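Q: This is the structure I want to talk about, given as C-alpha cells.
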Amino acid sequence: HNGTPLAEIIKCVNFAAVKHKNQRRKDPEQTPYINHPIGVAFLLVEGGIDNLAVLQAAVLHDTVEDTHTSNEELVREFGPEVAGIVAEVTDNKSLSKEERKRLQIVKAPLASQEAKLVKLADKLYNLRDLDRATPFGWTPNRVNEYFHWAAKVVAGCRGTNDFLEKELDKLFAKRKVAI
Ligand code: NDP
Ligand code: ZN
C-alpha cells in the first residue's frame, strides 16, 4: 500500500469490484452492487472531501460486511488507517438485525470524523436509492421505517460535512421525517 494516490484508488475500485462481482442492489433494476460503493465515494468528492484514506474506505466500506473479506486482508492490502475506517462502519454480523440497527444509532456519535463522513455518504446514497425506487417486496411502511432509522444514525454524525447533511435534510423534508 505505497503506490501513488491515483494508483491506490484504482486498486480499491478493482478490489471492491472483484469482491462484489456477483452481488446486486435491491432496487427493481437489480443494479450491480459496485455502483453503490463507487457512488458513496463520489458523494464524498462532491462534498469536497479529498482525504485519500476516507475515499478508499468509502469504496471498500461494504466488503467486510457483505463479502468474504477480513479486516486483516484490508490491513495487508490498504494499511491500518483505511482498514480502521472500514471497521468503524462495519456491523457485527453475529448480532441480530435489530441489535445491529440499535447499535448504529448508539455508536454513530462515538465514530471518528473519517467514519462519520463515510456513514453520511452511505446513508445519503441508500436514502436516495429508496426515494427513487422501492426495492422488490418492500412495503411503503418499511421504506418509511428505514428513513426514520437513518435519520437517527445521521443525527449522531452531524457537524461533519455541510453538503452531505444538507442533501440528507432535503430528503428528510421531502419524506416528512423530523430531524
Ligand atoms: P435491509 O437491511 O434488509 O436493507 C437495507 C440495506 O440494504 C441498506 O442499508 C443498504 O445497505 C442495502 N441496499 C441494497 N439495495 C438498496 C437499495 N436499492 N436501496 C436502499 N438500500 C439498499 O433493510 P432494513 O434495514 O429495512 O431491514 C431490517 C429492518 O427492517 C429490521 O429492523 C426490521 O424491523 C425491518 N423489517 C421491516 C419489514 C416491513 O415490512 N416493515 C420487513 C422486514 C424487516 P448497504 O449500504 O450495506 O448496501
Ligand atoms: Zn453501503
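In the C-alpha cells, chains take letters A, B, ... by order of appearance, with residues numbered from 1 within each chain and ligands from 1 in the order shown.
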Could you list, as a PyMOL selection string, all the residues within 10 Å of ligand 2, counting only C-alpha atoms and all ligand atoms?

A: chain A and resi 33-34+36-40+58-63+65-66+89-90+118-119+121-126

Q: Dump the neighbourhood of ligand 1 as a ChimeraX atom specification: all residues within 9 Å, distances computed on only C-alpha atoms and all ligand atoms.

A: /A:24-31,33,36-37,61-62,65-66,90,97-102,122-123,125-146,149-150

Q: Considering only C-alpha atoms, tabulate each residue of stretch 30-108 of chain A that lies at most 8 Å from stretch 154-161 of chain A along with its nearest interatomic pair and the corresponding distance in Å to one decimal; arrange the rows by chain and ascending residue number and present them as a Markdown table.

A:
| residue | atom | partner | partner_atom | distance |
| --- | --- | --- | --- | --- |
| A:Gly47 | CA | A:Asn161 | CA | 7.0 |
| A:Ile105 | CA | A:Gly156 | CA | 7.0 |
| A:Val106 | CA | A:Gly156 | CA | 8.0 |
| A:Lys107 | CA | A:Gly156 | CA | 8.0 |
| A:Ala108 | CA | A:Gly156 | CA | 5.0 |

Q: Any chance you could export the current selection's all heavy atoms as a PDB file, in the first residue's frame?

A:
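Final file, again16.pdb:
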ATOM      1  N   GLY A  47     -18.835  16.404  -1.941  1.00  0.00           N
ATOM      2  CA  GLY A  47     -18.828  17.124  -0.672  1.00  0.00           C
ATOM      3  C   GLY A  47     -17.484  17.774  -0.376  1.00  0.00           C
ATOM      4  O   GLY A  47     -17.286  18.310   0.719  1.00  0.00           O
ATOM      5  N   ILE A 105     -27.209   3.473  15.804  1.00  0.00           N
ATOM      6  CA  ILE A 105     -27.682   4.753  16.362  1.00  0.00           C
ATOM      7  C   ILE A 105     -26.828   5.151  17.568  1.00  0.00           C
ATOM      8  O   ILE A 105     -26.385   6.294  17.689  1.00  0.00           O
ATOM      9  CB  ILE A 105     -29.168   4.655  16.780  1.00  0.00           C
ATOM     10  CG1 ILE A 105     -30.059   4.376  15.566  1.00  0.00           C
ATOM     11  CG2 ILE A 105     -29.612   5.931  17.498  1.00  0.00           C
ATOM     12  CD1 ILE A 105     -31.498   3.997  15.908  1.00  0.00           C
ATOM     13  N   VAL A 106     -26.564   4.183  18.452  1.00  0.00           N
ATOM     14  CA  VAL A 106     -25.826   4.462  19.688  1.00  0.00           C
ATOM     15  C   VAL A 106     -24.360   4.801  19.412  1.00  0.00           C
ATOM     16  O   VAL A 106     -23.776   5.676  20.059  1.00  0.00           O
ATOM     17  CB  VAL A 106     -25.914   3.236  20.641  1.00  0.00           C
ATOM     18  CG1 VAL A 106     -25.039   3.430  21.863  1.00  0.00           C
ATOM     19  CG2 VAL A 106     -27.358   2.980  21.043  1.00  0.00           C
ATOM     20  N   LYS A 107     -23.767   4.122  18.424  1.00  0.00           N
ATOM     21  CA  LYS A 107     -22.323   4.273  18.195  1.00  0.00           C
ATOM     22  C   LYS A 107     -21.944   5.417  17.262  1.00  0.00           C
ATOM     23  O   LYS A 107     -20.783   5.868  17.270  1.00  0.00           O
ATOM     24  CB  LYS A 107     -21.744   2.957  17.645  1.00  0.00           C
ATOM     25  CG  LYS A 107     -21.620   1.870  18.710  1.00  0.00           C
ATOM     26  CD  LYS A 107     -20.781   0.712  18.200  1.00  0.00           C
ATOM     27  CE  LYS A 107     -20.455  -0.286  19.284  1.00  0.00           C
ATOM     28  NZ  LYS A 107     -19.722  -1.459  18.708  1.00  0.00           N
ATOM     29  N   ALA A 108     -22.897   5.890  16.459  1.00  0.00           N
ATOM     30  CA  ALA A 108     -22.566   6.941  15.475  1.00  0.00           C
ATOM     31  C   ALA A 108     -21.849   8.143  16.102  1.00  0.00           C
ATOM     32  O   ALA A 108     -20.822   8.585  15.577  1.00  0.00           O
ATOM     33  CB  ALA A 108     -23.820   7.376  14.722  1.00  0.00           C
TER      34      ALA A 108
END

Q: Name all residues at most 12 Å from A:Leu52 (count only C-alpha atoms; drop same-chain ones fewer than 4 positions away) and give them as a ChimeraX atom specification.

A: /A:3-10,12,41,44-45,48,56-59,78,81-82,85,114

Q: Keeping only N, CA and C atoms, write those residues as a PDB file, in the first residue's frame.

A:
ATOM      1  N   GLY A   3       1.635   2.911  -3.353  1.00  0.00           N
ATOM      2  CA  GLY A   3       1.653   3.475  -4.696  1.00  0.00           C
ATOM      3  C   GLY A   3       1.253   4.935  -4.651  1.00  0.00           C
ATOM      4  N   THR A   4       1.094   5.548  -5.830  1.00  0.00           N
ATOM      5  CA  THR A   4       0.593   6.924  -5.875  1.00  0.00           C
ATOM      6  C   THR A   4      -0.869   6.920  -5.423  1.00  0.00           C
ATOM      7  N   PRO A   5      -1.389   8.099  -5.008  1.00  0.00           N
ATOM      8  CA  PRO A   5      -2.806   8.158  -4.606  1.00  0.00           C
ATOM      9  C   PRO A   5      -3.739   7.636  -5.692  1.00  0.00           C
ATOM     10  N   LEU A   6      -3.499   8.011  -6.944  1.00  0.00           N
ATOM     11  CA  LEU A   6      -4.372   7.529  -8.025  1.00  0.00           C
ATOM     12  C   LEU A   6      -4.317   6.018  -8.136  1.00  0.00           C
ATOM     13  N   ALA A   7      -3.111   5.461  -8.049  1.00  0.00           N
ATOM     14  CA  ALA A   7      -2.970   4.004  -8.137  1.00  0.00           C
ATOM     15  C   ALA A   7      -3.687   3.321  -6.969  1.00  0.00           C
ATOM     16  N   GLU A   8      -3.592   3.912  -5.783  1.00  0.00           N
ATOM     17  CA  GLU A   8      -4.257   3.325  -4.607  1.00  0.00           C
ATOM     18  C   GLU A   8      -5.781   3.334  -4.754  1.00  0.00           C
ATOM     19  N   ILE A   9      -6.318   4.418  -5.325  1.00  0.00           N
ATOM     20  CA  ILE A   9      -7.769   4.494  -5.548  1.00  0.00           C
ATOM     21  C   ILE A   9      -8.208   3.417  -6.550  1.00  0.00           C
ATOM     22  N   ILE A  10      -7.471   3.310  -7.658  1.00  0.00           N
ATOM     23  CA  ILE A  10      -7.842   2.304  -8.669  1.00  0.00           C
ATOM     24  C   ILE A  10      -7.721   0.893  -8.080  1.00  0.00           C
ATOM     25  N   CYS A  12      -8.308   0.052  -5.002  1.00  0.00           N
ATOM     26  CA  CYS A  12      -9.516  -0.132  -4.185  1.00  0.00           C
ATOM     27  C   CYS A  12     -10.727  -0.444  -5.051  1.00  0.00           C
ATOM     28  N   ALA A  41     -18.332   6.960  -2.637  1.00  0.00           N
ATOM     29  CA  ALA A  41     -17.071   7.705  -2.735  1.00  0.00           C
ATOM     30  C   ALA A  41     -17.258   8.987  -3.544  1.00  0.00           C
ATOM     31  N   LEU A  44     -18.734  11.796  -1.573  1.00  0.00           N
ATOM     32  CA  LEU A  44     -17.708  12.449  -0.752  1.00  0.00           C
ATOM     33  C   LEU A  44     -16.896  13.442  -1.591  1.00  0.00           C
ATOM     34  N   VAL A  45     -16.596  13.071  -2.829  1.00  0.00           N
ATOM     35  CA  VAL A  45     -15.906  14.003  -3.739  1.00  0.00           C
ATOM     36  C   VAL A  45     -16.771  15.247  -3.947  1.00  0.00           C
ATOM     37  N   GLY A  48     -16.570  17.710  -1.339  1.00  0.00           N
ATOM     38  CA  GLY A  48     -15.284  18.396  -1.198  1.00  0.00           C
ATOM     39  C   GLY A  48     -14.224  17.616  -0.441  1.00  0.00           C
ATOM     40  N   GLN A  56     -10.821   5.905  -0.040  1.00  0.00           N
ATOM     41  CA  GLN A  56     -10.553   4.458  -0.160  1.00  0.00           C
ATOM     42  C   GLN A  56     -11.531   3.668   0.714  1.00  0.00           C
ATOM     43  N   ALA A  57     -11.724   4.121   1.945  1.00  0.00           N
ATOM     44  CA  ALA A  57     -12.634   3.411   2.858  1.00  0.00           C
ATOM     45  C   ALA A  57     -14.059   3.417   2.297  1.00  0.00           C
ATOM     46  N   ALA A  58     -14.456   4.512   1.638  1.00  0.00           N
ATOM     47  CA  ALA A  58     -15.796   4.570   1.044  1.00  0.00           C
ATOM     48  C   ALA A  58     -15.950   3.486  -0.024  1.00  0.00           C
ATOM     49  N   VAL A  59     -14.954   3.346  -0.872  1.00  0.00           N
ATOM     50  CA  VAL A  59     -15.022   2.333  -1.932  1.00  0.00           C
ATOM     51  C   VAL A  59     -15.068   0.923  -1.329  1.00  0.00           C
ATOM     52  N   PHE A  78      -4.297  -2.453   2.128  1.00  0.00           N
ATOM     53  CA  PHE A  78      -4.503  -0.994   2.097  1.00  0.00           C
ATOM     54  C   PHE A  78      -4.005  -0.263   3.343  1.00  0.00           C
ATOM     55  N   GLU A  81      -4.922   2.400   8.451  1.00  0.00           N
ATOM     56  CA  GLU A  81      -5.810   3.567   8.517  1.00  0.00           C
ATOM     57  C   GLU A  81      -7.103   3.295   7.746  1.00  0.00           C
ATOM     58  N   VAL A  82      -6.958   2.829   6.496  1.00  0.00           N
ATOM     59  CA  VAL A  82      -8.135   2.526   5.673  1.00  0.00           C
ATOM     60  C   VAL A  82      -8.937   1.403   6.319  1.00  0.00           C
ATOM     61  N   ILE A  85     -11.020   2.626   9.293  1.00  0.00           N
ATOM     62  CA  ILE A  85     -12.253   3.358   8.959  1.00  0.00           C
ATOM     63  C   ILE A  85     -13.338   2.370   8.531  1.00  0.00           C
ATOM     64  N   GLU A 114     -13.646  10.664  10.136  1.00  0.00           N
ATOM     65  CA  GLU A 114     -13.498   9.940   8.868  1.00  0.00           C
ATOM     66  C   GLU A 114     -14.631   8.923   8.681  1.00  0.00           C
TER      67      GLU A 114
END

Q: Expressed in Å to a single decimal, how great is the separation between atom CA of A:Leu120 and atom CA of A:His148?

A: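 Computing it gives 14.4 Å between the two atoms.
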
Q: When you count only C-alpha atoms, which of these residues is closest to A:His1: A:Arg175, A:Arg76, A:Lys116, A:Lys166?

A: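 Among the listed residues, the smallest separation from A:His1 belongs to A:Arg76.
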